[in-house]
Amino acid sequence: MRFLLDAEQRAFTGSLHAMLTAADTPSVIRDWSRGDHASGRALWSRLAEAGVFGLAVPEAYEGLGPRPVELAAAFVELGRHAVPGPLVETVAAAALLTGPGPAKRFLPALADGTAMATVASGGGYALDGDAATVHLALAPDGLWLSPGPGPVRHSLDPARRLTLLSPGGELLTPGPPTDHALAWARLATAAQALGVGLALLDRTVAYAGQRSQFGVPVGSFQAVKHRLADAKTALEFARPLLFGAALTMDPADVAAAKLTACEAAYSTARTALHLHGAIGYTAEYDLSLWLTRARALRSAWGGPDECRERALGGQAR
């Protein structure tokens with residue numbers, strides 16, 4: 001299908017792009033990875049003022065949504081600039097806190113950015129638990145409010161800090177989570193991945209035009225052109241799947257979009273690393289911030305096999 005954002009949606013994403021470009025996100029990411037959340041929280045507040053988190057919160061609870069298409073468009077920009085923090089987890093929390101009591105208690109603060117949520121599934125690790133103010137744990141018997149996070153452990157992506165949530169707490173919603181909440185998390189993850197892939201492609205195209213071998217830019221070599229064209233094709237194929245899934249919010253459609261966008265971003269990351277050469281491996285070079293994010297998003301909220309199974313009609317795990 002052919003999907004184009006309307007003028008209002010394009011203006012919204014354009015304003016986010018301008019804001020994030022001016023925010024110098026690489027320095028924010030590096031502060032966040034060291035546990036210094038000040039600049040990240042300031043950026044979080046600006047995103048909330050722009051309405052990003054309100055897109056996942058119903059109007060009845062002081063949000064703007066639910067508006068999955070606009071949310072997907074916004075998260076493409078968040079991925080393009082590799083914004084740190086439990087972004088997807090806050091969206092997932094908004095979809096999980098559906099009961100009148102928990103919704104009234106938590107959703108207004110999530111929408112206006114004064115609260116930041118993280119979610120752990122099956123007793124596993126929660127993302128950025130040291131920064132989040134709302135700690136949720138998904139268990140077979142329901143959604144629990146955890147009393148707090150444990151020690152921080154680092155992941156493949158330095159800006160994605162992991163914590164084990166403390167056991168026990170308050171039962172907010174009994175019963176297993178619905179496909180609806182997982183679909184929102186996967187949609188936001190897919191959109192982030194697409195943005196990461198687009199940023200990696202743009203940076204690699206620019207680098208290939210500057211780096212020379214045998215007196216000419218490496219971007220003029222046919223083999224390099226083919227690699228970049230393949231990356232561009234994969235990312236552009238993922239885009240309509242993403243926005244098509246945002247229109248239907250069918251769990252199978254969203255799983256297909258997540259699989260396609262994350263695989264396209266991961267493939268683009270491999271191409272970017274190859275064409276940059278040794279400099280791409282260095283943590284000091286900004287490209288690494290997007291390389292590690294592409295790898296982390298690929299397995300977040302359902303890896304390739306799980307999403308493929310769901311997209312083909314299997315049971316969600």
# chains A, B, ... in the order shown; residues from 1 in each chain; ligands from 1

$ closest_atom_pairs --of "stretch 15-78 of chain A" --to "stretch 290-312 of chain A" --cutoff "12 Å" --atoms "only C-alpha atoms" --output "CSV"
residue,atom,partner,partner_atom,distance
A:Thr25,CA,A:Trp290,CA,11.2
A:Pro26,CA,A:Trp290,CA,9.7
A:Ile29,CA,A:Trp290,CA,10.4
A:Leu78,CA,A:Trp290,CA,11.5

$ select_by_dssp --residues "stretch 79-307 of chain A" --states "alpha helix (DSSP H)" --output "VMD selection string"
chain A and resid 79 to 80 87 to 96 100 to 112 179 to 210 222 to 248 251 to 276 287 to 299 304 to 307

$ write_last_selection --atoms "C-alpha atoms" --output "compact mmCIF listing (two decimals), in the first residue's frame"
# COMPACT_ATOMS: atom_id res chain seq x y z
CA GLY A 79 14.81 6.58 16.51
CA ARG A 80 16.40 8.83 13.89
CA LEU A 87 10.22 5.44 25.46
CA VAL A 88 8.58 2.22 24.29
CA GLU A 89 8.02 1.09 27.87
CA THR A 90 6.10 4.27 28.66
CA VAL A 91 3.87 3.63 25.65
CA ALA A 92 3.41 0.02 26.76
CA ALA A 93 2.50 1.20 30.26
CA ALA A 94 -0.19 3.48 28.83
CA ALA A 95 -1.67 0.47 26.98
CA LEU A 96 -1.42 -1.79 30.05
CA PRO A 100 -10.29 2.99 35.61
CA GLY A 101 -8.37 3.12 38.89
CA PRO A 102 -4.82 2.61 37.54
CA ALA A 103 -5.56 4.74 34.46
CA LYS A 104 -6.69 7.72 36.51
CA ARG A 105 -3.79 7.26 38.88
CA PHE A 106 -0.95 7.02 36.34
CA LEU A 107 -1.92 8.06 32.81
CA PRO A 108 -2.15 11.86 33.24
CA ALA A 109 1.42 11.95 34.59
CA LEU A 110 2.67 9.72 31.76
CA ALA A 111 1.02 12.02 29.20
CA ASP A 112 2.51 15.23 30.58
CA ASP A 179 -2.32 -8.57 22.64
CA HIS A 180 -3.38 -4.91 22.47
CA ALA A 181 -0.66 -3.75 24.87
CA LEU A 182 2.02 -5.83 23.14
CA ALA A 183 0.94 -4.41 19.78
CA TRP A 184 1.49 -0.83 20.99
CA ALA A 185 4.96 -1.71 22.30
CA ARG A 186 5.93 -3.46 19.07
CA LEU A 187 4.61 -0.60 16.94
CA ALA A 188 6.72 1.93 18.83
CA THR A 189 9.76 -0.38 18.63
CA ALA A 190 9.30 -0.85 14.87
CA ALA A 191 9.03 2.90 14.34
CA GLN A 192 12.16 3.53 16.39
CA ALA A 193 14.03 0.89 14.41
CA LEU A 194 13.00 2.46 11.11
CA GLY A 195 14.29 5.84 12.31
CA VAL A 196 17.57 4.29 13.43
CA GLY A 197 18.00 2.63 10.04
CA LEU A 198 17.29 5.88 8.18
CA ALA A 199 19.86 7.74 10.29
CA LEU A 200 22.48 5.03 9.68
CA LEU A 201 21.84 5.16 5.94
CA ASP A 202 22.09 8.97 5.80
CA ARG A 203 25.33 8.96 7.76
CA THR A 204 26.83 6.21 5.62
CA VAL A 205 25.89 7.88 2.34
CA ALA A 206 27.54 11.09 3.56
CA TYR A 207 30.66 9.23 4.69
CA ALA A 208 30.94 7.31 1.42
CA GLY A 209 30.92 10.63 -0.42
CA GLN A 210 33.78 11.97 1.71
CA GLN A 222 29.48 0.10 -7.93
CA ALA A 223 29.67 -2.39 -5.06
CA VAL A 224 29.18 0.39 -2.51
CA LYS A 225 26.23 1.80 -4.48
CA HIS A 226 24.59 -1.63 -4.49
CA ARG A 227 24.98 -2.05 -0.72
CA LEU A 228 23.46 1.37 -0.07
CA ALA A 229 20.66 0.80 -2.56
CA ASP A 230 19.79 -2.51 -0.89
CA ALA A 231 19.63 -0.78 2.50
CA LYS A 232 17.44 2.00 1.11
CA THR A 233 15.07 -0.51 -0.49
CA ALA A 234 14.69 -2.51 2.73
CA LEU A 235 13.93 0.58 4.79
CA GLU A 236 11.45 1.96 2.28
CA PHE A 237 9.69 -1.41 2.14
CA ALA A 238 9.34 -1.33 5.93
CA ARG A 239 7.74 2.13 5.98
CA PRO A 240 4.30 1.24 4.49
CA LEU A 241 4.16 -1.90 6.64
CA LEU A 242 4.71 0.26 9.72
CA PHE A 243 2.00 2.78 8.92
CA GLY A 244 -0.35 0.11 7.61
CA ALA A 245 -0.02 -1.67 10.95
CA ALA A 246 -0.64 1.63 12.75
CA LEU A 247 -3.92 1.95 10.86
CA THR A 248 -5.18 -1.55 11.70
CA PRO A 251 -1.30 -7.82 16.33
CA ALA A 252 -0.23 -9.86 13.29
CA ASP A 253 0.23 -6.73 11.17
CA VAL A 254 2.23 -5.05 13.92
CA ALA A 255 4.43 -8.13 14.36
CA ALA A 256 5.14 -8.12 10.60
CA ALA A 257 6.01 -4.43 10.72
CA LYS A 258 8.28 -4.94 13.72
CA LEU A 259 10.05 -7.85 12.05
CA THR A 260 10.55 -5.99 8.77
CA ALA A 261 11.64 -2.66 10.26
CA CYS A 262 14.05 -4.21 12.76
CA GLU A 263 15.63 -6.51 10.17
CA ALA A 264 16.01 -3.59 7.75
CA ALA A 265 17.65 -1.47 10.45
CA TYR A 266 19.95 -4.32 11.51
CA SER A 267 20.98 -4.98 7.90
CA THR A 268 21.62 -1.27 7.39
CA ALA A 269 23.73 -1.23 10.56
CA ARG A 270 25.90 -4.04 9.16
CA THR A 271 26.30 -2.13 5.90
CA ALA A 272 27.14 1.07 7.76
CA LEU A 273 29.79 -0.68 9.85
CA HIS A 274 31.31 -2.35 6.80
CA LEU A 275 31.52 0.84 4.75
CA HIS A 276 32.87 2.95 7.60
CA LEU A 287 27.83 6.10 14.52
CA SER A 288 28.23 3.55 17.33
CA LEU A 289 25.25 5.06 19.16
CA TRP A 290 22.96 4.03 16.30
CA LEU A 291 24.71 0.72 15.59
CA THR A 292 24.12 -0.61 19.10
CA ARG A 293 20.55 0.70 19.15
CA ALA A 294 19.69 -1.19 15.95
CA ARG A 295 20.93 -4.43 17.50
CA ALA A 296 19.10 -3.87 20.78
CA LEU A 297 15.76 -3.03 19.16
CA ARG A 298 15.90 -6.18 17.03
CA SER A 299 15.30 -8.36 20.11
CA PRO A 304 12.60 -12.09 14.78
CA ASP A 305 11.38 -15.65 15.29
CA GLU A 306 8.59 -14.65 17.68
CA CYS A 307 7.37 -11.82 15.44

$ residues_around --residues "A:Val52" --least-positions-apart "5" --cutoff "9 Å" --atoms "only C-alpha atoms" --output "tab-separated table (two decimals) with all heavy atoms, in the first residue's frame"
chain	number	residue	atom	x	y	z
A	47	LEU	N	9.68	16.66	24.89
A	47	LEU	CA	8.91	15.74	24.06
A	47	LEU	C	7.48	15.63	24.57
A	47	LEU	O	6.53	15.57	23.77
A	47	LEU	CB	9.57	14.36	24.04
A	47	LEU	CG	10.91	14.27	23.31
A	47	LEU	CD1	11.56	12.92	23.57
A	47	LEU	CD2	10.73	14.49	21.81
A	64	LEU	N	-3.91	12.71	24.21
A	64	LEU	CA	-4.35	13.14	22.88
A	64	LEU	C	-4.87	11.98	22.06
A	64	LEU	O	-5.27	12.17	20.92
A	64	LEU	CB	-3.16	13.77	22.13
A	64	LEU	CG	-2.49	14.97	22.78
A	64	LEU	CD1	-1.22	15.33	22.00
A	64	LEU	CD2	-3.43	16.15	22.84
A	70	GLU	N	0.11	8.77	14.41
A	70	GLU	CA	0.96	9.88	14.83
A	70	GLU	C	2.06	9.40	15.76
A	70	GLU	O	3.19	9.90	15.72
A	70	GLU	CB	0.11	10.96	15.51
A	70	GLU	CG	-0.75	11.78	14.59
A	70	GLU	CD	-2.02	11.07	14.14
A	70	GLU	OE1	-2.30	9.95	14.64
A	70	GLU	OE2	-2.76	11.63	13.30
A	71	LEU	N	1.75	8.41	16.61
A	71	LEU	CA	2.77	7.87	17.50
A	71	LEU	C	3.88	7.22	16.70
A	71	LEU	O	5.07	7.41	16.98
A	71	LEU	CB	2.14	6.85	18.46
A	71	LEU	CG	3.17	6.29	19.46
A	71	LEU	CD1	3.02	6.97	20.81
A	71	LEU	CD2	3.03	4.80	19.62
A	74	ALA	N	6.04	9.87	15.19
A	74	ALA	CA	6.90	10.49	16.19
A	74	ALA	C	8.07	9.58	16.55
A	74	ALA	O	9.22	10.04	16.69
A	74	ALA	CB	6.08	10.82	17.44
A	75	PHE	N	7.80	8.29	16.70
A	75	PHE	CA	8.86	7.37	17.12
A	75	PHE	C	9.89	7.13	16.02
A	75	PHE	O	11.03	6.77	16.31
A	75	PHE	CB	8.26	6.07	17.64
A	75	PHE	CG	8.02	6.07	19.13
A	75	PHE	CD1	7.03	6.87	19.67
A	75	PHE	CD2	8.80	5.34	19.98
A	75	PHE	CE1	6.81	6.92	21.04
A	75	PHE	CE2	8.60	5.36	21.36
A	75	PHE	CZ	7.60	6.16	21.88
A	111	ALA	N	1.29	11.16	30.35
A	111	ALA	CA	1.02	12.02	29.20
A	111	ALA	C	1.78	13.33	29.28
A	111	ALA	O	2.32	13.82	28.27
A	111	ALA	CB	-0.48	12.28	29.08

$ select_by_dssp --residues "stretch 162-306 of chain A" --states "strand (DSSP E)" --output "list in words"
Leu162, Thr163, Leu164, Leu165, Glu170, Leu171, Leu172, Thr173, Pro174, Ser212, Gln213, Val216 and Pro217 of chain A

$ write_last_selection --atoms "N, CA and C atoms" --output "short mmCIF file (atom, residue, chain, number, x, y, z; two decimals), in the first residue's frame"
data_model
loop_
_atom_site.label_atom_id
_atom_site.label_comp_id
_atom_site.auth_asym_id
_atom_site.auth_seq_id
_atom_site.Cartn_x
_atom_site.Cartn_y
_atom_site.Cartn_z
N LEU A 162 19.85 -1.69 32.30
CA LEU A 162 18.91 -2.72 32.74
C LEU A 162 18.93 -2.86 34.25
N THR A 163 17.74 -3.09 34.81
CA THR A 163 17.62 -3.33 36.25
C THR A 163 16.61 -4.43 36.50
N LEU A 164 16.87 -5.25 37.50
CA LEU A 164 15.89 -6.23 37.96
C LEU A 164 14.93 -5.52 38.92
N LEU A 165 13.64 -5.71 38.71
CA LEU A 165 12.69 -5.09 39.61
C LEU A 165 12.53 -5.93 40.87
N GLU A 170 2.25 -4.10 44.40
CA GLU A 170 0.80 -3.92 44.35
C GLU A 170 0.24 -4.46 43.04
N LEU A 171 -0.76 -5.31 43.12
CA LEU A 171 -1.42 -5.82 41.93
C LEU A 171 -2.36 -4.75 41.38
N LEU A 172 -2.05 -4.29 40.16
CA LEU A 172 -2.85 -3.23 39.54
C LEU A 172 -3.96 -3.77 38.67
N THR A 173 -3.64 -4.80 37.88
CA THR A 173 -4.62 -5.38 36.95
C THR A 173 -4.47 -6.89 36.97
N PRO A 174 -5.49 -7.63 37.40
CA PRO A 174 -5.36 -9.10 37.40
C PRO A 174 -5.48 -9.67 35.99
N SER A 212 37.84 8.69 0.44
CA SER A 212 38.39 8.44 -0.90
C SER A 212 39.34 7.26 -0.89
N GLN A 213 39.33 6.53 -1.97
CA GLN A 213 40.33 5.50 -2.27
C GLN A 213 40.68 5.61 -3.75
N VAL A 216 39.31 8.71 -5.65
CA VAL A 216 37.89 8.98 -5.90
C VAL A 216 37.09 8.60 -4.65
N PRO A 217 35.91 9.20 -4.45
CA PRO A 217 35.08 8.82 -3.29
C PRO A 217 34.66 7.35 -3.39
#

$ closest_residue --among "A:Arg161, A:His17, A:His81, A:Arg67" --to "A:His37" --atoms "only C-alpha atoms"
A:Arg161

$ residues_around --residues "A:Pro147" --least-positions-apart "2" --cutoff "8 Å" --atoms "only C-alpha atoms" --output "ChimeraX atom specification"
/A:135,145,149,165-169

$ write_last_selection --atoms "all heavy atoms" --output "PDB file, in the first residue's frame"
ATOM      1  N   HIS A 135       7.405   1.631  38.011  1.00  0.00           N
ATOM      2  CA  HIS A 135       8.026   0.349  37.696  1.00  0.00           C
ATOM      3  C   HIS A 135       6.944  -0.727  37.659  1.00  0.00           C
ATOM      4  O   HIS A 135       6.358  -1.052  38.695  1.00  0.00           O
ATOM      5  CB  HIS A 135       9.091   0.000  38.735  1.00  0.00           C
ATOM      6  CG  HIS A 135      10.153   1.046  38.878  1.00  0.00           C
ATOM      7  ND1 HIS A 135      10.043   2.076  39.791  1.00  0.00           N
ATOM      8  CD2 HIS A 135      11.326   1.236  38.226  1.00  0.00           C
ATOM      9  CE1 HIS A 135      11.117   2.854  39.707  1.00  0.00           C
ATOM     10  NE2 HIS A 135      11.903   2.361  38.755  1.00  0.00           N
ATOM     11  N   LEU A 145       2.683  -3.345  40.316  1.00  0.00           N
ATOM     12  CA  LEU A 145       3.492  -2.150  40.555  1.00  0.00           C
ATOM     13  C   LEU A 145       4.625  -2.550  41.487  1.00  0.00           C
ATOM     14  O   LEU A 145       4.399  -2.895  42.648  1.00  0.00           O
ATOM     15  CB  LEU A 145       2.647  -1.043  41.180  1.00  0.00           C
ATOM     16  CG  LEU A 145       3.383   0.268  41.497  1.00  0.00           C
ATOM     17  CD1 LEU A 145       3.864   0.938  40.220  1.00  0.00           C
ATOM     18  CD2 LEU A 145       2.478   1.203  42.299  1.00  0.00           C
ATOM     19  N   PRO A 149      13.583  -0.636  41.630  1.00  0.00           N
ATOM     20  CA  PRO A 149      14.565  -1.402  40.861  1.00  0.00           C
ATOM     21  C   PRO A 149      15.737  -1.881  41.705  1.00  0.00           C
ATOM     22  O   PRO A 149      16.006  -1.354  42.781  1.00  0.00           O
ATOM     23  CB  PRO A 149      15.038  -0.382  39.826  1.00  0.00           C
ATOM     24  CG  PRO A 149      14.962   0.927  40.554  1.00  0.00           C
ATOM     25  CD  PRO A 149      13.781   0.808  41.492  1.00  0.00           C
ATOM     26  N   LEU A 165      13.643  -5.709  38.711  1.00  0.00           N
ATOM     27  CA  LEU A 165      12.685  -5.094  39.613  1.00  0.00           C
ATOM     28  C   LEU A 165      12.534  -5.932  40.874  1.00  0.00           C
ATOM     29  O   LEU A 165      12.598  -7.162  40.842  1.00  0.00           O
ATOM     30  CB  LEU A 165      11.329  -4.938  38.927  1.00  0.00           C
ATOM     31  CG  LEU A 165      11.297  -4.026  37.699  1.00  0.00           C
ATOM     32  CD1 LEU A 165       9.861  -3.816  37.243  1.00  0.00           C
ATOM     33  CD2 LEU A 165      11.969  -2.690  37.979  1.00  0.00           C
ATOM     34  N   SER A 166      12.317  -5.249  41.967  1.00  0.00           N
ATOM     35  CA  SER A 166      12.125  -5.946  43.239  1.00  0.00           C
ATOM     36  C   SER A 166      10.826  -6.751  43.195  1.00  0.00           C
ATOM     37  O   SER A 166       9.833  -6.310  42.617  1.00  0.00           O
ATOM     38  CB  SER A 166      12.056  -4.936  44.384  1.00  0.00           C
ATOM     39  OG  SER A 166      13.231  -4.163  44.437  1.00  0.00           O
ATOM     40  N   PRO A 167      10.827  -7.938  43.796  1.00  0.00           N
ATOM     41  CA  PRO A 167       9.609  -8.755  43.783  1.00  0.00           C
ATOM     42  C   PRO A 167       8.518  -8.160  44.666  1.00  0.00           C
ATOM     43  O   PRO A 167       8.772  -7.323  45.524  1.00  0.00           O
ATOM     44  CB  PRO A 167      10.088 -10.103  44.328  1.00  0.00           C
ATOM     45  CG  PRO A 167      11.283  -9.760  45.166  1.00  0.00           C
ATOM     46  CD  PRO A 167      11.940  -8.591  44.502  1.00  0.00           C
ATOM     47  N   GLY A 168       7.302  -8.651  44.430  1.00  0.00           N
ATOM     48  CA  GLY A 168       6.178  -8.178  45.229  1.00  0.00           C
ATOM     49  C   GLY A 168       5.644  -6.859  44.725  1.00  0.00           C
ATOM     50  O   GLY A 168       5.853  -6.475  43.583  1.00  0.00           O
ATOM     51  N   GLY A 169       4.942  -6.171  45.601  1.00  0.00           N
ATOM     52  CA  GLY A 169       4.370  -4.894  45.208  1.00  0.00           C
ATOM     53  C   GLY A 169       2.854  -4.925  45.213  1.00  0.00           C
ATOM     54  O   GLY A 169       2.236  -5.720  45.926  1.00  0.00           O
TER      55      GLY A 169
END

$ atom_distance --atom1 "atom CA of A:Ala11" --atom2 "atom CA of A:Ala72"
14.4 Å

$ atom_distance --atom1 "atom CA of A:Gly148" --atom2 "atom CA of A:Asp130"
8.7 Å

$ atom_distance --atom1 "atom CA of A:Leu43" --atom2 "atom CA of A:Phe12"
16.5 Å

$ residues_around --residues "A:Ser45" --least-positions-apart "5" --cutoff "12 Å" --atoms "only C-alpha atoms" --output "list in words"
Ala38, Ser39, Gly40, Ala50, Gly51, Val52, Phe53, Gly54, Gly85, Ala109, Leu110, Ala111, Asp112, Gly113, Thr114, Ala115 and Met116 of chain A

$ closest_residue --among "A:Ser146, A:Ala139, A:Tyr285, A:His154" --to "A:Pro177" --atoms "only C-alpha atoms"
A:Ala139

$ residues_around --residues "A:Ser27" --least-positions-apart "4" --cutoff "10 Å" --atoms "only C-alpha atoms" --output "list in words"
Ala23, Asp31, Trp32, Ser33, Ser39, Gly40 and Asp286 of chain A

$ write_last_selection --atoms "all heavy atoms" --output "PDB file, in the first residue's frame"
ATOM      1  N   ALA A  23      18.972  19.560  19.929  1.00  0.00           N
ATOM      2  CA  ALA A  23      19.207  19.059  21.295  1.00  0.00           C
ATOM      3  C   ALA A  23      20.550  18.374  21.468  1.00  0.00           C
ATOM      4  O   ALA A  23      20.921  18.034  22.601  1.00  0.00           O
ATOM      5  CB  ALA A  23      18.098  18.086  21.684  1.00  0.00           C
ATOM      6  N   ASP A  31      25.581  11.057  28.323  1.00  0.00           N
ATOM      7  CA  ASP A  31      25.267  11.353  29.732  1.00  0.00           C
ATOM      8  C   ASP A  31      24.387  10.250  30.316  1.00  0.00           C
ATOM      9  O   ASP A  31      24.616   9.782  31.436  1.00  0.00           O
ATOM     10  CB  ASP A  31      24.528  12.695  29.833  1.00  0.00           C
ATOM     11  CG  ASP A  31      25.428  13.893  29.605  1.00  0.00           C
ATOM     12  OD1 ASP A  31      26.663  13.721  29.623  1.00  0.00           O
ATOM     13  OD2 ASP A  31      24.893  15.004  29.400  1.00  0.00           O
ATOM     14  N   TRP A  32      23.366   9.847  29.569  1.00  0.00           N
ATOM     15  CA  TRP A  32      22.416   8.835  30.049  1.00  0.00           C
ATOM     16  C   TRP A  32      23.133   7.517  30.326  1.00  0.00           C
ATOM     17  O   TRP A  32      22.850   6.837  31.328  1.00  0.00           O
ATOM     18  CB  TRP A  32      21.327   8.643  28.998  1.00  0.00           C
ATOM     19  CG  TRP A  32      20.144   7.860  29.460  1.00  0.00           C
ATOM     20  CD1 TRP A  32      19.991   6.496  29.434  1.00  0.00           C
ATOM     21  CD2 TRP A  32      18.930   8.386  30.013  1.00  0.00           C
ATOM     22  NE1 TRP A  32      18.758   6.140  29.930  1.00  0.00           N
ATOM     23  CE2 TRP A  32      18.089   7.276  30.292  1.00  0.00           C
ATOM     24  CE3 TRP A  32      18.467   9.668  30.285  1.00  0.00           C
ATOM     25  CZ2 TRP A  32      16.819   7.430  30.837  1.00  0.00           C
ATOM     26  CZ3 TRP A  32      17.207   9.819  30.828  1.00  0.00           C
ATOM     27  CH2 TRP A  32      16.389   8.705  31.100  1.00  0.00           C
ATOM     28  N   SER A  33      24.066   7.149  29.454  1.00  0.00           N
ATOM     29  CA  SER A  33      24.764   5.870  29.616  1.00  0.00           C
ATOM     30  C   SER A  33      25.635   5.856  30.872  1.00  0.00           C
ATOM     31  O   SER A  33      25.936   4.789  31.405  1.00  0.00           O
ATOM     32  CB  SER A  33      25.626   5.573  28.385  1.00  0.00           C
ATOM     33  OG  SER A  33      26.697   6.491  28.271  1.00  0.00           O
ATOM     34  N   SER A  39      20.073  15.835  31.473  1.00  0.00           N
ATOM     35  CA  SER A  39      19.788  16.305  30.115  1.00  0.00           C
ATOM     36  C   SER A  39      18.722  15.440  29.450  1.00  0.00           C
ATOM     37  O   SER A  39      17.894  15.934  28.678  1.00  0.00           O
ATOM     38  CB  SER A  39      21.066  16.319  29.267  1.00  0.00           C
ATOM     39  OG  SER A  39      21.649  15.020  29.194  1.00  0.00           O
ATOM     40  N   GLY A  40      18.707  14.146  29.768  1.00  0.00           N
ATOM     41  CA  GLY A  40      17.698  13.257  29.210  1.00  0.00           C
ATOM     42  C   GLY A  40      16.310  13.581  29.725  1.00  0.00           C
ATOM     43  O   GLY A  40      15.330  13.560  28.967  1.00  0.00           O
ATOM     44  N   ASP A 286      30.204   8.831  16.729  1.00  0.00           N
ATOM     45  CA  ASP A 286      28.755   8.848  16.977  1.00  0.00           C
ATOM     46  C   ASP A 286      28.008   7.709  16.299  1.00  0.00           C
ATOM     47  O   ASP A 286      26.942   7.300  16.786  1.00  0.00           O
ATOM     48  CB  ASP A 286      28.163  10.185  16.516  1.00  0.00           C
ATOM     49  CG  ASP A 286      28.487  11.326  17.462  1.00  0.00           C
ATOM     50  OD1 ASP A 286      29.030  11.057  18.557  1.00  0.00           O
ATOM     51  OD2 ASP A 286      28.201  12.488  17.106  1.00  0.00           O
TER      52      ASP A 286
END
